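**Student:** Pasting a structure here, questions to come.
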Amino acid sequence: ELTVNYPAFTTNNFTSFIANIFLVHNWTIPELTYNYPSWSISSEFYTYAIFALLILFSRNNIKIISLILLINIFLCAFLLDKYGFGTDNLQGPLRCLYSFSIGVIVCNLYRSLKNKYLLSNSSIPLTVILIVVLIVINYGTKEFEYIELIPLSFGMIILSLALTKKNTFINQTLSKNWLVYLGTISYGIYMIHAAFWWWLQQSLKFIFKLPTSIDQEGRVTLNFDNIVISNFISLAGIIIIIFLAHLSYQFVEKKLNSQKYLKK
């Protein structure tokens with residue numbers, strides 16, 4: 001089944017529209033609205049602003065910043081364990097503050113260790129990746145009692161890879177052009193995918209007249225009885241989303257990030 005829509009104006013209304021314009025929707029509205037992946041962009045934008053203020057008031061003192069971030073990690077982990085690992089206007093910002101703090105700590109660890117310890121083979125990062133993959137496969141759900149360990153696990157992957165020499169098998173593999181490019185356009189993939197699936201679902205519903213049903217929350221869903229067709233639609237959709245993200249990067253992101261445009 002594919003979720004098609006919510007009842008009109010229950011979540012996507014004027015209030016949520018204004019909140020989206022100013023990127024405050026994940027801090028003020030408990031539901032996901034409009035292009036729902038933007039909940040994380042909302043949290044990230046103001047998390048960066050908070051971090052900038054931290055640097056300003058601490059006068060860029062690494063020890064003070066690290067101490068505050070460590071305290072924040074433990075505080076957020078405690079609150080996430082208590083309230084859950086969701087996307088509402090409490091859990092979403094907490095998740096962002098928590099994960100961002102882990103990222104900064106990982107960066108500081110890398111800077112302090114890179115001139116002392118560099119791994120000369122791929123065994124340690126591959127082992128870390130394997131362990132994290134098994135953890136995510138078996139426990140990577142909101143129902144997992146210790147779900148807040150998942151961002152820490154990914155931090156371990158990043159740190160182990162960063163501390164591994166670039167000529168090793170793992171880093172040579174991850175440096176393949178097509179993998180690097182997928183990472184480059186991943187922002188577009190993330191921001192485009194929900195809108196594309198919404199458009200596709202609406203098309204299947206109204207143009208191709210696929211059968212629908214209404215769940216207990218009032219959402220209309222599409223019913224697929226043929227697994228081959230549903231898998232084909234999913235695969236084709238992923239390919240189209242990647243292509244759209246490529247276009248977005250080439251004709252929007254690169255232009256807006258160019259020095260010429262920024263100077264204007």
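All residue names refer to the structure tokens as shown: chains lettered A, B, ... in order, residues numbered from 1 in each chain, ligands numbered from 1 in order.
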Please provide as number ranges by chain all residues within 8 Å of A:Asn12, with the sequence filter that same-chain residues fewer than 4 positions apart are discarded (counting only C-alpha atoms).
**Tutor:** A: 8, 16-17, 33-34
**Student:** Using only C-alpha atoms, pick whichever of A:Leu118, A:Ile242, A:Leu152, A:Leu204 has the shortest atom-to-atom distance to A:Ile105.
**Tutor:**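 Distance minimum relative to A:Ile105 lands on A:Leu152.
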**Student:** List the neighbours of stretch 247-249 of chain A out to 12 Å using only C-alpha atoms; skip same-chain residues closer than 2 positions along the sequence, and give me the result as number ranges by chain.
**Tutor:** A: 181-192, 240-245, 251-258
**Student:** Which one of A:Leu79, A:Leu159, A:Ile68, A:Leu32 sits closest to A:Ser112 if you count only C-alpha atoms?
**Tutor:**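 Under the stated criterion, the closest residue is A:Leu159.
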**Student:** With DSSP run on the backbone, what are the helix (DSSP H, G or I) residues within stretch 26-155 of chain A? I'd like them as a VMD selection string.
**Tutor:** chain A and resid 26 to 28 38 to 58 62 to 83 91 to 113 123 to 139 149 to 155
**Student:** Which neighbours of A:Tyr110 fall inside 8 Å, counting only C-alpha atoms, when residues of the same chain fewer than 2 positions from it are skipped, and could you give them as a list in words?
**Tutor:**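 My reading of the contact set: Val106, Cys107, Asn108, Ser112, Leu113, Lys114, Leu159, Ala162 and Leu163 of chain A.
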**Student:** I'd like to know which residues of stretch 53-245 of chain A are strand (DSSP E or B) (by DSSP, run on the backbone); could you write them as number ranges by chain?
**Tutor:** A: 119, 164, 212-214, 220-222
**Student:** Keeping only N, CA, C and O atoms, write the selected residues to a file as a short mmCIF file (atom, residue, chain, number, x, y, z; two decimals), in the first residue's frame.
**Tutor:**
data_model
loop_
_atom_site.label_atom_id
_atom_site.label_comp_id
_atom_site.auth_asym_id
_atom_site.auth_seq_id
_atom_site.Cartn_x
_atom_site.Cartn_y
_atom_site.Cartn_z
N LEU A 119 45.28 4.25 10.16
CA LEU A 119 45.16 2.82 9.88
C LEU A 119 45.68 2.52 8.48
O LEU A 119 45.31 3.19 7.51
N THR A 164 41.66 6.13 8.28
CA THR A 164 42.25 5.08 7.45
C THR A 164 42.92 5.72 6.24
O THR A 164 42.37 6.63 5.62
N THR A 212 -8.46 2.02 -4.30
CA THR A 212 -8.01 2.67 -3.08
C THR A 212 -8.87 2.23 -1.90
O THR A 212 -9.94 1.64 -2.06
N SER A 213 -8.37 2.53 -0.72
CA SER A 213 -9.12 2.30 0.51
C SER A 213 -8.78 3.42 1.48
O SER A 213 -7.80 4.15 1.29
N ILE A 214 -9.59 3.58 2.53
CA ILE A 214 -9.36 4.63 3.52
C ILE A 214 -9.05 3.97 4.86
O ILE A 214 -9.81 3.12 5.34
N VAL A 220 -6.11 8.09 2.31
CA VAL A 220 -6.44 7.25 1.16
C VAL A 220 -5.18 6.50 0.74
O VAL A 220 -4.11 7.09 0.59
N THR A 221 -5.28 5.19 0.57
CA THR A 221 -4.13 4.38 0.18
C THR A 221 -4.42 3.62 -1.10
O THR A 221 -5.57 3.27 -1.39
N LEU A 222 -3.36 3.38 -1.87
CA LEU A 222 -3.46 2.59 -3.09
C LEU A 222 -3.18 1.13 -2.79
O LEU A 222 -2.29 0.82 -2.00
#
**Student:** Would you pick out the contacts of A:Thr47 at 10 Å or less, using only C-alpha atoms, so that residues sharing its chain but fewer than 5 positions from it are not included, and give the list as an MDAnalysis selection string?
**Tutor:** chainID A and resid 41:42 52:53 93:94 96:98 100:101
**Student:** Please, could you write that set of residues out with N, CA, C and O atoms as an mmCIF file, in the first residue's frame?
**Tutor:**
data_model
loop_
_atom_site.group_PDB
_atom_site.id
_atom_site.type_symbol
_atom_site.label_atom_id
_atom_site.label_comp_id
_atom_site.auth_asym_id
_atom_site.auth_seq_id
_atom_site.Cartn_x
_atom_site.Cartn_y
_atom_site.Cartn_z
ATOM 1 N N ILE A 41 15.584 19.667 7.640
ATOM 2 C CA ILE A 41 16.221 20.914 7.215
ATOM 3 C C ILE A 41 15.871 22.031 8.190
ATOM 4 O O ILE A 41 16.708 22.873 8.532
ATOM 5 N N SER A 42 14.621 22.016 8.651
ATOM 6 C CA SER A 42 14.185 23.002 9.641
ATOM 7 C C SER A 42 15.010 22.887 10.922
ATOM 8 O O SER A 42 15.516 23.887 11.446
ATOM 9 N N ALA A 52 26.788 28.269 15.914
ATOM 10 C CA ALA A 52 27.529 29.503 15.627
ATOM 11 C C ALA A 52 27.582 30.398 16.862
ATOM 12 O O ALA A 52 28.630 30.992 17.177
ATOM 13 N N LEU A 53 26.464 30.483 17.583
ATOM 14 C CA LEU A 53 26.436 31.272 18.815
ATOM 15 C C LEU A 53 27.347 30.670 19.879
ATOM 16 O O LEU A 53 28.020 31.393 20.625
ATOM 17 N N PRO A 93 13.924 18.301 16.775
ATOM 18 C CA PRO A 93 15.061 19.135 17.159
ATOM 19 C C PRO A 93 16.043 18.424 18.085
ATOM 20 O O PRO A 93 17.258 18.618 17.954
ATOM 21 N N LEU A 94 15.537 17.592 19.002
ATOM 22 C CA LEU A 94 16.434 16.840 19.882
ATOM 23 C C LEU A 94 17.328 15.902 19.079
ATOM 24 O O LEU A 94 18.533 15.794 19.335
ATOM 25 N N CYS A 96 18.284 16.251 16.011
ATOM 26 C CA CYS A 96 19.247 17.035 15.247
ATOM 27 C C CYS A 96 20.375 17.545 16.146
ATOM 28 O O CYS A 96 21.551 17.436 15.802
ATOM 29 N N LEU A 97 20.014 18.111 17.292
ATOM 30 C CA LEU A 97 21.027 18.598 18.233
ATOM 31 C C LEU A 97 21.943 17.464 18.688
ATOM 32 O O LEU A 97 23.160 17.639 18.809
ATOM 33 N N TYR A 98 21.347 16.304 18.902
ATOM 34 C CA TYR A 98 22.087 15.121 19.350
ATOM 35 C C TYR A 98 23.065 14.658 18.277
ATOM 36 O O TYR A 98 24.274 14.509 18.530
ATOM 37 N N PHE A 100 24.101 16.217 15.512
ATOM 38 C CA PHE A 100 25.066 17.240 15.135
ATOM 39 C C PHE A 100 26.207 17.305 16.150
ATOM 40 O O PHE A 100 27.383 17.436 15.776
ATOM 41 N N SER A 101 25.872 17.214 17.426
ATOM 42 C CA SER A 101 26.900 17.247 18.470
ATOM 43 C C SER A 101 27.856 16.065 18.329
ATOM 44 O O SER A 101 29.079 16.215 18.493
#
**Student:** Write out as a ChimeraX atom specification which residues come within 10 Å of A:Gln91 when counting only C-alpha atoms, dropping same-chain ones fewer than 4 positions away.
**Tutor:** /A:26-27,30,76,79-80,83-87,95-97
